[in-house]
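Have a look at input28.cif; it's mmCIF, N, CA and C atoms:
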data_work
#
loop_
_atom_site.label_atom_id
_atom_site.label_comp_id
_atom_site.auth_asym_id
_atom_site.auth_seq_id
_atom_site.Cartn_x
_atom_site.Cartn_y
_atom_site.Cartn_z
N ALA A 17 11.48 -41.63 71.35
CA ALA A 17 10.87 -40.46 71.95
C ALA A 17 9.66 -40.07 71.11
N LEU A 18 8.56 -39.80 71.80
CA LEU A 18 7.36 -39.35 71.12
C LEU A 18 6.61 -38.39 72.02
N PRO A 19 5.78 -37.52 71.43
CA PRO A 19 5.05 -36.54 72.25
C PRO A 19 4.06 -37.22 73.18
N ASP A 20 3.95 -36.69 74.38
CA ASP A 20 2.98 -37.17 75.37
C ASP A 20 1.65 -36.44 75.16
N GLN A 21 0.57 -37.10 75.53
CA GLN A 21 -0.76 -36.49 75.42
C GLN A 21 -0.84 -35.17 76.17
N SER A 22 -0.08 -35.02 77.26
CA SER A 22 -0.14 -33.81 78.06
C SER A 22 0.71 -32.67 77.50
N CYS A 23 1.52 -32.93 76.49
CA CYS A 23 2.42 -31.91 75.95
C CYS A 23 1.62 -30.84 75.19
N ARG A 24 1.87 -29.59 75.53
CA ARG A 24 1.16 -28.48 74.90
C ARG A 24 2.04 -27.64 73.98
N SER A 25 3.31 -28.06 73.81
CA SER A 25 4.20 -27.35 72.88
C SER A 25 3.62 -27.44 71.48
N PRO A 26 3.75 -26.38 70.67
CA PRO A 26 3.24 -26.43 69.29
C PRO A 26 3.76 -27.64 68.51
N ALA A 27 5.02 -28.01 68.70
CA ALA A 27 5.58 -29.16 67.97
C ALA A 27 4.86 -30.45 68.35
N CYS A 28 4.45 -30.58 69.61
CA CYS A 28 3.72 -31.78 70.05
C CYS A 28 2.32 -31.81 69.44
N ARG A 29 1.65 -30.68 69.45
CA ARG A 29 0.26 -30.64 68.99
C ARG A 29 0.13 -30.97 67.51
N GLU A 30 1.21 -30.85 66.75
CA GLU A 30 1.18 -31.15 65.31
C GLU A 30 1.31 -32.64 65.02
N HIS A 31 1.55 -33.46 66.03
CA HIS A 31 1.79 -34.88 65.82
C HIS A 31 0.89 -35.74 66.71
N ARG A 32 0.78 -37.02 66.32
CA ARG A 32 0.06 -37.95 67.19
C ARG A 32 0.84 -38.08 68.48
N ARG A 33 0.11 -38.25 69.60
CA ARG A 33 0.74 -38.27 70.92
C ARG A 33 0.43 -39.55 71.67
N PHE A 34 1.35 -39.92 72.55
CA PHE A 34 1.21 -41.11 73.38
C PHE A 34 0.27 -40.82 74.54
N SER A 35 -0.70 -41.71 74.72
CA SER A 35 -1.60 -41.61 75.87
C SER A 35 -1.49 -42.91 76.66
N LYS A 36 -1.00 -42.80 77.89
CA LYS A 36 -0.85 -44.01 78.69
C LYS A 36 -2.19 -44.66 78.99
N LYS A 37 -3.26 -43.91 78.87
CA LYS A 37 -4.60 -44.48 79.12
C LYS A 37 -5.01 -45.49 78.05
N THR A 38 -4.41 -45.40 76.86
CA THR A 38 -4.81 -46.29 75.77
C THR A 38 -3.97 -47.57 75.70
N SER A 39 -2.99 -47.72 76.58
CA SER A 39 -2.15 -48.92 76.59
C SER A 39 -2.28 -49.63 77.92
N SER A 40 -2.72 -50.87 77.87
CA SER A 40 -2.83 -51.66 79.10
C SER A 40 -1.50 -52.27 79.50
N THR A 41 -0.49 -52.19 78.64
CA THR A 41 0.80 -52.82 78.92
C THR A 41 1.90 -51.83 79.28
N GLN A 42 1.63 -50.53 79.26
CA GLN A 42 2.65 -49.53 79.59
C GLN A 42 2.87 -49.45 81.08
N ARG A 43 4.08 -49.00 81.45
CA ARG A 43 4.35 -48.67 82.84
C ARG A 43 5.40 -47.57 82.87
N GLN A 44 5.22 -46.64 83.77
CA GLN A 44 6.17 -45.54 83.92
C GLN A 44 7.38 -46.08 84.68
N ILE A 45 8.58 -45.71 84.23
CA ILE A 45 9.82 -46.19 84.83
C ILE A 45 10.73 -45.01 85.18
N PRO A 46 11.67 -45.21 86.09
CA PRO A 46 12.65 -44.16 86.38
C PRO A 46 13.56 -43.94 85.18
N CYS A 47 13.92 -42.72 84.92
CA CYS A 47 14.78 -42.40 83.78
C CYS A 47 16.25 -42.60 84.10
N HIS A 48 16.63 -42.52 85.34
CA HIS A 48 18.05 -42.46 85.67
C HIS A 48 18.57 -43.70 86.38
N GLY A 49 18.01 -44.85 86.09
CA GLY A 49 18.61 -46.09 86.55
C GLY A 49 18.21 -46.62 87.91
N SER A 50 17.43 -45.87 88.70
CA SER A 50 16.98 -46.45 89.96
C SER A 50 15.94 -47.51 89.63
N HIS A 51 15.60 -48.32 90.58
CA HIS A 51 14.73 -49.46 90.29
C HIS A 51 13.25 -49.21 90.54
N ARG A 52 12.92 -48.03 91.02
CA ARG A 52 11.49 -47.79 91.27
C ARG A 52 11.14 -46.32 91.10
N VAL A 53 9.89 -46.10 90.88
CA VAL A 53 9.35 -44.74 90.78
C VAL A 53 9.01 -44.30 92.19
N HIS A 54 9.49 -43.14 92.61
CA HIS A 54 9.27 -42.67 93.97
C HIS A 54 7.97 -41.88 94.09
N HIS A 55 7.15 -42.25 95.05
CA HIS A 55 5.90 -41.54 95.35
C HIS A 55 5.00 -41.41 94.12
N GLY A 56 5.01 -42.43 93.26
CA GLY A 56 4.13 -42.43 92.10
C GLY A 56 4.59 -41.55 90.96
N LYS A 57 5.75 -40.89 91.09
CA LYS A 57 6.24 -40.00 90.04
C LYS A 57 7.65 -40.38 89.66
N ALA A 58 7.88 -40.55 88.37
CA ALA A 58 9.24 -40.81 87.89
C ALA A 58 9.92 -39.49 87.62
N ASP A 59 11.23 -39.56 87.59
CA ASP A 59 11.98 -38.36 87.24
C ASP A 59 11.79 -38.06 85.75
N LYS A 60 12.27 -36.90 85.33
CA LYS A 60 12.18 -36.52 83.92
C LYS A 60 13.58 -36.46 83.33
N LEU A 61 13.63 -36.53 82.04
CA LEU A 61 14.88 -36.55 81.30
C LEU A 61 14.83 -35.48 80.23
N GLU A 62 15.96 -34.85 79.96
CA GLU A 62 16.06 -33.89 78.87
C GLU A 62 17.12 -34.39 77.91
N ILE A 63 16.81 -34.40 76.62
CA ILE A 63 17.74 -34.83 75.59
C ILE A 63 17.86 -33.72 74.55
N MET A 64 19.08 -33.42 74.19
CA MET A 64 19.34 -32.42 73.16
C MET A 64 19.42 -33.11 71.80
N TYR A 65 18.81 -32.52 70.79
CA TYR A 65 18.87 -32.97 69.40
C TYR A 65 19.36 -31.80 68.58
N GLY A 66 20.64 -31.74 68.30
CA GLY A 66 21.17 -30.58 67.59
C GLY A 66 20.94 -29.35 68.45
N GLN A 67 20.17 -28.39 67.94
CA GLN A 67 19.84 -27.20 68.72
C GLN A 67 18.49 -27.34 69.43
N GLY A 68 17.81 -28.42 69.20
CA GLY A 68 16.51 -28.63 69.82
C GLY A 68 16.61 -29.54 71.04
N PHE A 69 15.45 -29.76 71.69
CA PHE A 69 15.43 -30.59 72.89
C PHE A 69 14.05 -31.20 73.09
N ILE A 70 14.03 -32.24 73.89
CA ILE A 70 12.79 -32.78 74.43
C ILE A 70 12.99 -32.96 75.93
N LYS A 71 11.91 -32.82 76.68
CA LYS A 71 11.88 -33.15 78.10
C LYS A 71 10.73 -34.11 78.28
N GLY A 72 10.96 -35.17 79.03
CA GLY A 72 9.87 -36.11 79.18
C GLY A 72 10.06 -37.12 80.27
N MET A 73 9.06 -37.96 80.40
CA MET A 73 9.03 -39.05 81.37
C MET A 73 9.37 -40.34 80.65
N CYS A 74 9.86 -41.30 81.39
CA CYS A 74 10.27 -42.58 80.80
C CYS A 74 9.21 -43.64 81.03
N PHE A 75 8.97 -44.42 79.99
CA PHE A 75 7.99 -45.49 80.03
C PHE A 75 8.57 -46.75 79.43
N GLN A 76 7.93 -47.86 79.73
CA GLN A 76 8.23 -49.12 79.07
C GLN A 76 6.91 -49.65 78.54
N ASP A 77 6.95 -50.17 77.32
CA ASP A 77 5.74 -50.73 76.70
C ASP A 77 6.17 -51.67 75.59
N ARG A 78 5.22 -52.29 74.98
CA ARG A 78 5.48 -53.16 73.83
C ARG A 78 5.71 -52.25 72.62
N ILE A 79 6.84 -52.45 71.94
CA ILE A 79 7.20 -51.66 70.76
C ILE A 79 7.44 -52.63 69.61
N CYS A 80 6.86 -52.33 68.46
CA CYS A 80 7.00 -53.20 67.30
C CYS A 80 7.62 -52.43 66.14
N ALA A 81 8.50 -53.10 65.43
CA ALA A 81 9.09 -52.57 64.19
C ALA A 81 8.90 -53.66 63.15
N GLY A 82 8.03 -53.40 62.19
CA GLY A 82 7.68 -54.45 61.25
C GLY A 82 6.95 -55.54 62.01
N GLY A 83 7.38 -56.78 61.86
CA GLY A 83 6.76 -57.88 62.58
C GLY A 83 7.50 -58.27 63.85
N ILE A 84 8.50 -57.50 64.23
CA ILE A 84 9.30 -57.82 65.41
C ILE A 84 8.85 -56.94 66.57
N CYS A 85 8.47 -57.57 67.66
CA CYS A 85 8.00 -56.82 68.84
C CYS A 85 8.80 -57.22 70.07
N THR A 86 8.98 -56.27 70.96
CA THR A 86 9.62 -56.51 72.25
C THR A 86 9.20 -55.41 73.20
N ARG A 87 9.42 -55.62 74.49
CA ARG A 87 9.21 -54.53 75.44
C ARG A 87 10.38 -53.58 75.27
N GLY A 88 10.11 -52.32 75.32
CA GLY A 88 11.16 -51.34 75.15
C GLY A 88 10.90 -50.10 75.97
N ASN A 89 11.95 -49.38 76.28
CA ASN A 89 11.87 -48.13 77.03
C ASN A 89 11.84 -46.96 76.05
N PHE A 90 11.11 -45.92 76.41
CA PHE A 90 11.03 -44.74 75.56
C PHE A 90 10.71 -43.51 76.39
N ILE A 91 10.89 -42.37 75.80
CA ILE A 91 10.59 -41.10 76.46
C ILE A 91 9.31 -40.55 75.88
N SER A 92 8.38 -40.22 76.74
CA SER A 92 7.14 -39.57 76.36
C SER A 92 7.31 -38.09 76.67
N ALA A 93 7.49 -37.29 75.61
CA ALA A 93 7.89 -35.88 75.77
C ALA A 93 6.74 -35.02 76.26
N VAL A 94 6.99 -34.31 77.35
CA VAL A 94 6.01 -33.35 77.87
C VAL A 94 6.33 -31.94 77.37
N GLN A 95 7.50 -31.79 76.74
CA GLN A 95 7.88 -30.52 76.12
C GLN A 95 8.84 -30.81 74.98
N GLU A 96 8.61 -30.17 73.83
CA GLU A 96 9.50 -30.28 72.68
C GLU A 96 9.77 -28.90 72.13
N SER A 97 11.00 -28.67 71.69
CA SER A 97 11.31 -27.40 71.04
C SER A 97 10.68 -27.41 69.64
N ASN A 98 10.29 -26.23 69.17
CA ASN A 98 9.73 -26.15 67.82
C ASN A 98 10.77 -26.53 66.78
N ASP A 99 12.02 -26.11 67.02
CA ASP A 99 13.09 -26.44 66.10
C ASP A 99 13.88 -27.58 66.70
N PRO A 100 13.91 -28.74 66.10
CA PRO A 100 13.50 -29.09 64.76
C PRO A 100 12.16 -29.82 64.69
N PHE A 101 11.52 -30.13 65.83
CA PHE A 101 10.42 -31.09 65.86
C PHE A 101 9.17 -30.67 65.09
N SER A 102 8.88 -29.39 65.02
CA SER A 102 7.68 -28.97 64.29
C SER A 102 7.84 -29.18 62.78
N ARG A 103 9.06 -29.33 62.32
CA ARG A 103 9.30 -29.53 60.88
C ARG A 103 9.27 -30.99 60.48
N PHE A 104 9.30 -31.90 61.44
CA PHE A 104 9.34 -33.32 61.12
C PHE A 104 7.98 -33.81 60.62
N PRO A 105 7.98 -34.56 59.52
CA PRO A 105 6.71 -35.13 59.03
C PRO A 105 6.31 -36.39 59.81
N PHE A 106 7.18 -36.90 60.66
CA PHE A 106 6.91 -38.11 61.44
C PHE A 106 6.61 -37.74 62.89
N ASP A 107 6.02 -38.67 63.61
CA ASP A 107 5.55 -38.41 64.97
C ASP A 107 6.56 -38.69 66.06
N ALA A 108 7.52 -39.57 65.82
CA ALA A 108 8.44 -40.00 66.88
C ALA A 108 9.84 -40.22 66.34
N VAL A 109 10.78 -40.33 67.26
CA VAL A 109 12.17 -40.62 66.92
C VAL A 109 12.52 -41.95 67.57
N LEU A 110 12.95 -42.91 66.77
CA LEU A 110 13.31 -44.24 67.27
C LEU A 110 14.83 -44.37 67.23
N GLY A 111 15.45 -44.52 68.40
CA GLY A 111 16.89 -44.71 68.46
C GLY A 111 17.25 -46.13 68.06
N LEU A 112 18.13 -46.25 67.08
CA LEU A 112 18.53 -47.56 66.60
C LEU A 112 19.98 -47.88 66.89
N SER A 113 20.61 -47.15 67.79
CA SER A 113 22.02 -47.39 68.06
C SER A 113 22.22 -48.71 68.79
N LEU A 114 23.44 -49.24 68.67
CA LEU A 114 23.81 -50.39 69.48
C LEU A 114 23.89 -49.95 70.94
N ALA A 115 23.78 -50.89 71.85
CA ALA A 115 23.78 -50.56 73.28
C ALA A 115 25.01 -49.77 73.69
N SER A 116 26.16 -50.09 73.10
CA SER A 116 27.40 -49.41 73.47
C SER A 116 27.41 -47.95 73.03
N LEU A 117 26.55 -47.57 72.09
CA LEU A 117 26.48 -46.20 71.60
C LEU A 117 25.30 -45.43 72.16
N ALA A 118 24.37 -46.11 72.80
CA ALA A 118 23.18 -45.45 73.35
C ALA A 118 23.52 -44.73 74.64
N SER A 119 22.77 -43.67 74.95
CA SER A 119 23.00 -42.97 76.22
C SER A 119 22.65 -43.87 77.40
N ASN A 120 21.76 -44.84 77.21
CA ASN A 120 21.41 -45.82 78.23
C ASN A 120 21.03 -47.09 77.48
N LYS A 121 21.69 -48.20 77.77
CA LYS A 121 21.45 -49.43 77.00
C LYS A 121 20.01 -49.92 77.07
N LEU A 122 19.27 -49.51 78.11
CA LEU A 122 17.87 -49.93 78.21
C LEU A 122 16.99 -49.28 77.16
N PHE A 123 17.48 -48.23 76.51
CA PHE A 123 16.72 -47.56 75.46
C PHE A 123 17.15 -48.01 74.07
N SER A 124 18.05 -48.98 73.97
CA SER A 124 18.53 -49.47 72.67
C SER A 124 17.58 -50.55 72.15
N MET A 125 16.85 -50.22 71.10
CA MET A 125 15.90 -51.17 70.52
C MET A 125 16.62 -52.40 69.97
N VAL A 126 17.78 -52.21 69.37
CA VAL A 126 18.54 -53.34 68.83
C VAL A 126 18.97 -54.29 69.96
N ALA A 127 19.44 -53.73 71.07
CA ALA A 127 19.84 -54.57 72.21
C ALA A 127 18.64 -55.33 72.77
N ARG A 128 17.50 -54.66 72.88
CA ARG A 128 16.29 -55.33 73.39
C ARG A 128 15.87 -56.49 72.48
N MET A 129 15.86 -56.23 71.17
CA MET A 129 15.44 -57.27 70.22
C MET A 129 16.43 -58.43 70.21
N THR A 130 17.71 -58.14 70.35
CA THR A 130 18.72 -59.19 70.40
C THR A 130 18.59 -60.00 71.68
N SER A 131 18.30 -59.35 72.82
CA SER A 131 18.23 -60.05 74.11
C SER A 131 17.09 -61.05 74.18
N VAL A 132 16.05 -60.86 73.39
CA VAL A 132 14.93 -61.81 73.38
C VAL A 132 14.96 -62.69 72.13
N ASN A 133 16.12 -62.72 71.48
CA ASN A 133 16.34 -63.54 70.28
C ASN A 133 15.40 -63.22 69.13
N ALA A 134 14.94 -61.97 69.06
CA ALA A 134 14.11 -61.55 67.93
C ALA A 134 14.98 -61.25 66.71
N LEU A 135 16.26 -60.96 66.93
CA LEU A 135 17.23 -60.75 65.85
C LEU A 135 18.33 -61.81 65.96
N ARG A 136 18.76 -62.35 64.83
CA ARG A 136 19.86 -63.31 64.87
C ARG A 136 21.17 -62.65 65.23
N HIS A 137 21.36 -61.40 64.74
CA HIS A 137 22.58 -60.65 64.99
C HIS A 137 22.19 -59.22 65.32
N PRO A 138 22.98 -58.52 66.15
CA PRO A 138 22.65 -57.12 66.50
C PRO A 138 22.98 -56.16 65.36
N VAL A 139 22.30 -56.34 64.24
CA VAL A 139 22.57 -55.56 63.02
C VAL A 139 21.24 -55.07 62.45
N PHE A 140 21.23 -53.86 61.93
CA PHE A 140 20.06 -53.36 61.22
C PHE A 140 20.54 -52.55 60.03
N SER A 141 19.66 -52.32 59.10
CA SER A 141 20.00 -51.48 57.95
C SER A 141 18.79 -50.67 57.55
N VAL A 142 19.05 -49.59 56.88
CA VAL A 142 17.99 -48.71 56.40
C VAL A 142 18.25 -48.48 54.92
N TYR A 143 17.23 -48.59 54.10
CA TYR A 143 17.41 -48.30 52.68
C TYR A 143 16.29 -47.46 52.17
#
Now that the file is in, can you turn its structure into structure tokens?
Amino acid sequence: ALPDQSCRSPACREHRRFSKKTSSTQRQIPCHGSHRVHHGKADKLEIMYGQGFIKGMCFQDRICAGGICTRGNFISAVQESNDPFSRFPFDAVLGLSLASLASNKLFSMVARMTSVNALRHPVFSVY
């Protein structure tokens, strides 16, 4: 999840934002599992983070972590709560859960990287 260029929430304005105009490989996708965007508009999704929230549209684009790249789904937030997002020193939140733990397996970066054989095993670590 990352702030969208159109987001006017104070938390969004403090961070770099996603602009679909700057990516030739992005495409807007439905958030809730249907196979197409209806009438040129996708639905929106709301996710709670502790006491905070984001609301946004779903996209697919090329996402890279280190030297590993794959197509991945993400939420481009059109609204973010100030708490906690305005306090974050980083611009986006990357979900690293396994597909079985993700709210939707299409948003699991580990599952995407494993499906295209970019990872030998569906394992990651942070140090």
Task: Shortest interatomic distance to Gln44 of chain A - which of A:Ala17, A:Lys60, A:Tyr65, A:Gln76, counting all atoms listed in the file - done: A:Gln76
TODO: Tell me which residues the PyMOL selection byres ((chain A and resi 102) around 8) grabs here, as a PyMOL selection string.
DONE: chain A and resi 26-28+30-31+96-101+103-105
Selection export as a PDB file, in the frame of the given file, atoms kept: N, CA and C atoms:
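Everything below was put into result24.pdb:
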ATOM      1  N   PRO A  26       3.750 -26.380  70.670  1.00  0.00           N
ATOM      2  CA  PRO A  26       3.240 -26.430  69.290  1.00  0.00           C
ATOM      3  C   PRO A  26       3.760 -27.640  68.510  1.00  0.00           C
ATOM      4  N   ALA A  27       5.020 -28.010  68.700  1.00  0.00           N
ATOM      5  CA  ALA A  27       5.580 -29.160  67.970  1.00  0.00           C
ATOM      6  C   ALA A  27       4.860 -30.450  68.350  1.00  0.00           C
ATOM      7  N   CYS A  28       4.450 -30.580  69.610  1.00  0.00           N
ATOM      8  CA  CYS A  28       3.720 -31.780  70.050  1.00  0.00           C
ATOM      9  C   CYS A  28       2.320 -31.810  69.440  1.00  0.00           C
ATOM     10  N   GLU A  30       1.210 -30.850  66.750  1.00  0.00           N
ATOM     11  CA  GLU A  30       1.180 -31.150  65.310  1.00  0.00           C
ATOM     12  C   GLU A  30       1.310 -32.640  65.020  1.00  0.00           C
ATOM     13  N   HIS A  31       1.550 -33.460  66.030  1.00  0.00           N
ATOM     14  CA  HIS A  31       1.790 -34.880  65.820  1.00  0.00           C
ATOM     15  C   HIS A  31       0.890 -35.740  66.710  1.00  0.00           C
ATOM     16  N   GLU A  96       8.610 -30.170  73.830  1.00  0.00           N
ATOM     17  CA  GLU A  96       9.500 -30.280  72.680  1.00  0.00           C
ATOM     18  C   GLU A  96       9.770 -28.900  72.130  1.00  0.00           C
ATOM     19  N   SER A  97      11.000 -28.670  71.690  1.00  0.00           N
ATOM     20  CA  SER A  97      11.310 -27.400  71.040  1.00  0.00           C
ATOM     21  C   SER A  97      10.680 -27.410  69.640  1.00  0.00           C
ATOM     22  N   ASN A  98      10.290 -26.230  69.170  1.00  0.00           N
ATOM     23  CA  ASN A  98       9.730 -26.150  67.820  1.00  0.00           C
ATOM     24  C   ASN A  98      10.770 -26.530  66.780  1.00  0.00           C
ATOM     25  N   ASP A  99      12.020 -26.110  67.020  1.00  0.00           N
ATOM     26  CA  ASP A  99      13.090 -26.440  66.100  1.00  0.00           C
ATOM     27  C   ASP A  99      13.880 -27.580  66.700  1.00  0.00           C
ATOM     28  N   PRO A 100      13.910 -28.740  66.100  1.00  0.00           N
ATOM     29  CA  PRO A 100      13.500 -29.090  64.760  1.00  0.00           C
ATOM     30  C   PRO A 100      12.160 -29.820  64.690  1.00  0.00           C
ATOM     31  N   PHE A 101      11.520 -30.130  65.830  1.00  0.00           N
ATOM     32  CA  PHE A 101      10.420 -31.090  65.860  1.00  0.00           C
ATOM     33  C   PHE A 101       9.170 -30.670  65.090  1.00  0.00           C
ATOM     34  N   ARG A 103       9.060 -29.330  62.320  1.00  0.00           N
ATOM     35  CA  ARG A 103       9.300 -29.530  60.880  1.00  0.00           C
ATOM     36  C   ARG A 103       9.270 -30.990  60.480  1.00  0.00           C
ATOM     37  N   PHE A 104       9.300 -31.900  61.440  1.00  0.00           N
ATOM     38  CA  PHE A 104       9.340 -33.320  61.120  1.00  0.00           C
ATOM     39  C   PHE A 104       7.980 -33.810  60.620  1.00  0.00           C
ATOM     40  N   PRO A 105       7.980 -34.560  59.520  1.00  0.00           N
ATOM     41  CA  PRO A 105       6.710 -35.130  59.030  1.00  0.00           C
ATOM     42  C   PRO A 105       6.310 -36.390  59.810  1.00  0.00           C
TER      43      PRO A 105
END
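The set of residues that the PyMOL selection byres ((chain A and resi 111) around 8) takes from this file is Ala17, Ala108, Val109, Leu110, Leu112, Ser113, Leu114, Ala118, Phe123, Ser124, Met125 and Val126 of chain A.
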Open item on the list: I'd like to know which residues of chain A are strand (DSSP E) (by DSSP, run on the backbone); could you write them as a PyMOL selection string?
Closed with: chain A and resi 18-19+43-45+60-65+68-81+84-96
Open item on the list: So, with all atoms listed in the file as the atoms that count, which of A:Ala134, A:Arg24, A:Gln67, A:Asp107 lies closest to Ile84 of chain A?
Closed with: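 Ranked by minimum distance to Ile84 of chain A, first place goes to A:Ala134.
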Grab all the atoms of segment 98-112 of chain A that the file lists, wrap them in a box along x, y and z, add 6 Å per side, and give me centre plus edge lengths in Å (one decimal) as lines of an AutoDock Vina configuration file.
center_x = 12.8
center_y = -37.0
center_z = 64.1
size_x = 26.4
size_y = 33.8
size_z = 22.1
Task: Selection result for the PyMOL selection byres ((chain A and resi 91) around 6) on this file, as a list in words - done: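 Answer for the PyMOL selection byres ((chain A and resi 91) around 6): Ala17, Leu18, Gly72, Met73, Cys74, Phe75, Asn89, Phe90, Ser92 and Ala93 of chain A.
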Those selected residues, please, written with N, CA and C atoms and delivered as a PDB file, keeping the file's coordinate frame.
ATOM      1  N   ALA A  17      11.480 -41.630  71.350  1.00  0.00           N
ATOM      2  CA  ALA A  17      10.870 -40.460  71.950  1.00  0.00           C
ATOM      3  C   ALA A  17       9.660 -40.070  71.110  1.00  0.00           C
ATOM      4  N   LEU A  18       8.560 -39.800  71.800  1.00  0.00           N
ATOM      5  CA  LEU A  18       7.360 -39.350  71.120  1.00  0.00           C
ATOM      6  C   LEU A  18       6.610 -38.390  72.020  1.00  0.00           C
ATOM      7  N   GLY A  72      10.960 -35.170  79.030  1.00  0.00           N
ATOM      8  CA  GLY A  72       9.870 -36.110  79.180  1.00  0.00           C
ATOM      9  C   GLY A  72      10.060 -37.120  80.270  1.00  0.00           C
ATOM     10  N   MET A  73       9.060 -37.960  80.400  1.00  0.00           N
ATOM     11  CA  MET A  73       9.030 -39.050  81.370  1.00  0.00           C
ATOM     12  C   MET A  73       9.370 -40.340  80.650  1.00  0.00           C
ATOM     13  N   CYS A  74       9.860 -41.300  81.390  1.00  0.00           N
ATOM     14  CA  CYS A  74      10.270 -42.580  80.800  1.00  0.00           C
ATOM     15  C   CYS A  74       9.210 -43.640  81.030  1.00  0.00           C
ATOM     16  N   PHE A  75       8.970 -44.420  79.990  1.00  0.00           N
ATOM     17  CA  PHE A  75       7.990 -45.490  80.030  1.00  0.00           C
ATOM     18  C   PHE A  75       8.570 -46.750  79.430  1.00  0.00           C
ATOM     19  N   ASN A  89      11.950 -49.380  76.280  1.00  0.00           N
ATOM     20  CA  ASN A  89      11.870 -48.130  77.030  1.00  0.00           C
ATOM     21  C   ASN A  89      11.840 -46.960  76.050  1.00  0.00           C
ATOM     22  N   PHE A  90      11.110 -45.920  76.410  1.00  0.00           N
ATOM     23  CA  PHE A  90      11.030 -44.740  75.560  1.00  0.00           C
ATOM     24  C   PHE A  90      10.710 -43.510  76.390  1.00  0.00           C
ATOM     25  N   SER A  92       8.380 -40.220  76.740  1.00  0.00           N
ATOM     26  CA  SER A  92       7.140 -39.570  76.360  1.00  0.00           C
ATOM     27  C   SER A  92       7.310 -38.090  76.670  1.00  0.00           C
ATOM     28  N   ALA A  93       7.490 -37.290  75.610  1.00  0.00           N
ATOM     29  CA  ALA A  93       7.890 -35.880  75.770  1.00  0.00           C
ATOM     30  C   ALA A  93       6.740 -35.020  76.260  1.00  0.00           C
TER      31      ALA A  93
END
TODO: List every residue of chain A that DSSP, applied to the backbone, labels as helix (DSSP H, G or I), and write the result as number ranges by chain.
DONE: A: 26-29, 36-38, 98-101, 121-123, 125-131
TODO: Scan for residues within 8 Å of the point (15.6, -51.8, 60.7) in the coordinates of the file, using all atoms listed in the file, and reply as a ChimeraX atom specification.
DONE: /A:81-82,112,139-143
Open item on the list: So that I can see what lies close to Arg33 of chain A, please list as an NGL selection string the residues with an atom at most 5 Å from it, counting all atoms listed in the file and leaving out residues fewer than 2 positions away in the same chain.
Closed with: :A and (19-21 or 31 or 35)
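Nearest-residue note for Cys47 of chain A: choosing from A:Leu61, A:Phe34, A:His137, A:Ala127, the minimum distance belongs to A:Leu61, counting all atoms listed in the file.
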TODO: Figure out the distance between atom N of Lys37 of chain A and atom CA of Cys80 of chain A, please, to one decimal in Å.
DONE: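 Interatomic distance here is 18.0 Å.
The interatomic distance for the pair atom CA of Asn133 of chain A and atom CA of Asp77 of chain A works out to 17.8 Å.
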- [ ] Rounded to one decimal place, report the atom N of Gly83 of chain A-atom CA of Ser116 of chain A distance in Å.
- [x] 24.3 Å
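Contact shell of Ile70 of chain A at 5 Å (all atoms listed in the file; same-chain neighbours under 4 positions omitted): Glu62, Ile63, Gln95 and Glu96 of chain A.
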Task: Long-range neighbours of Val132 of chain A as an MDAnalysis selection string, 10 Å cut-off, only C-alpha atoms, 4 positions minimum in chain - done: chainID A and resid 85:87 127:128 136
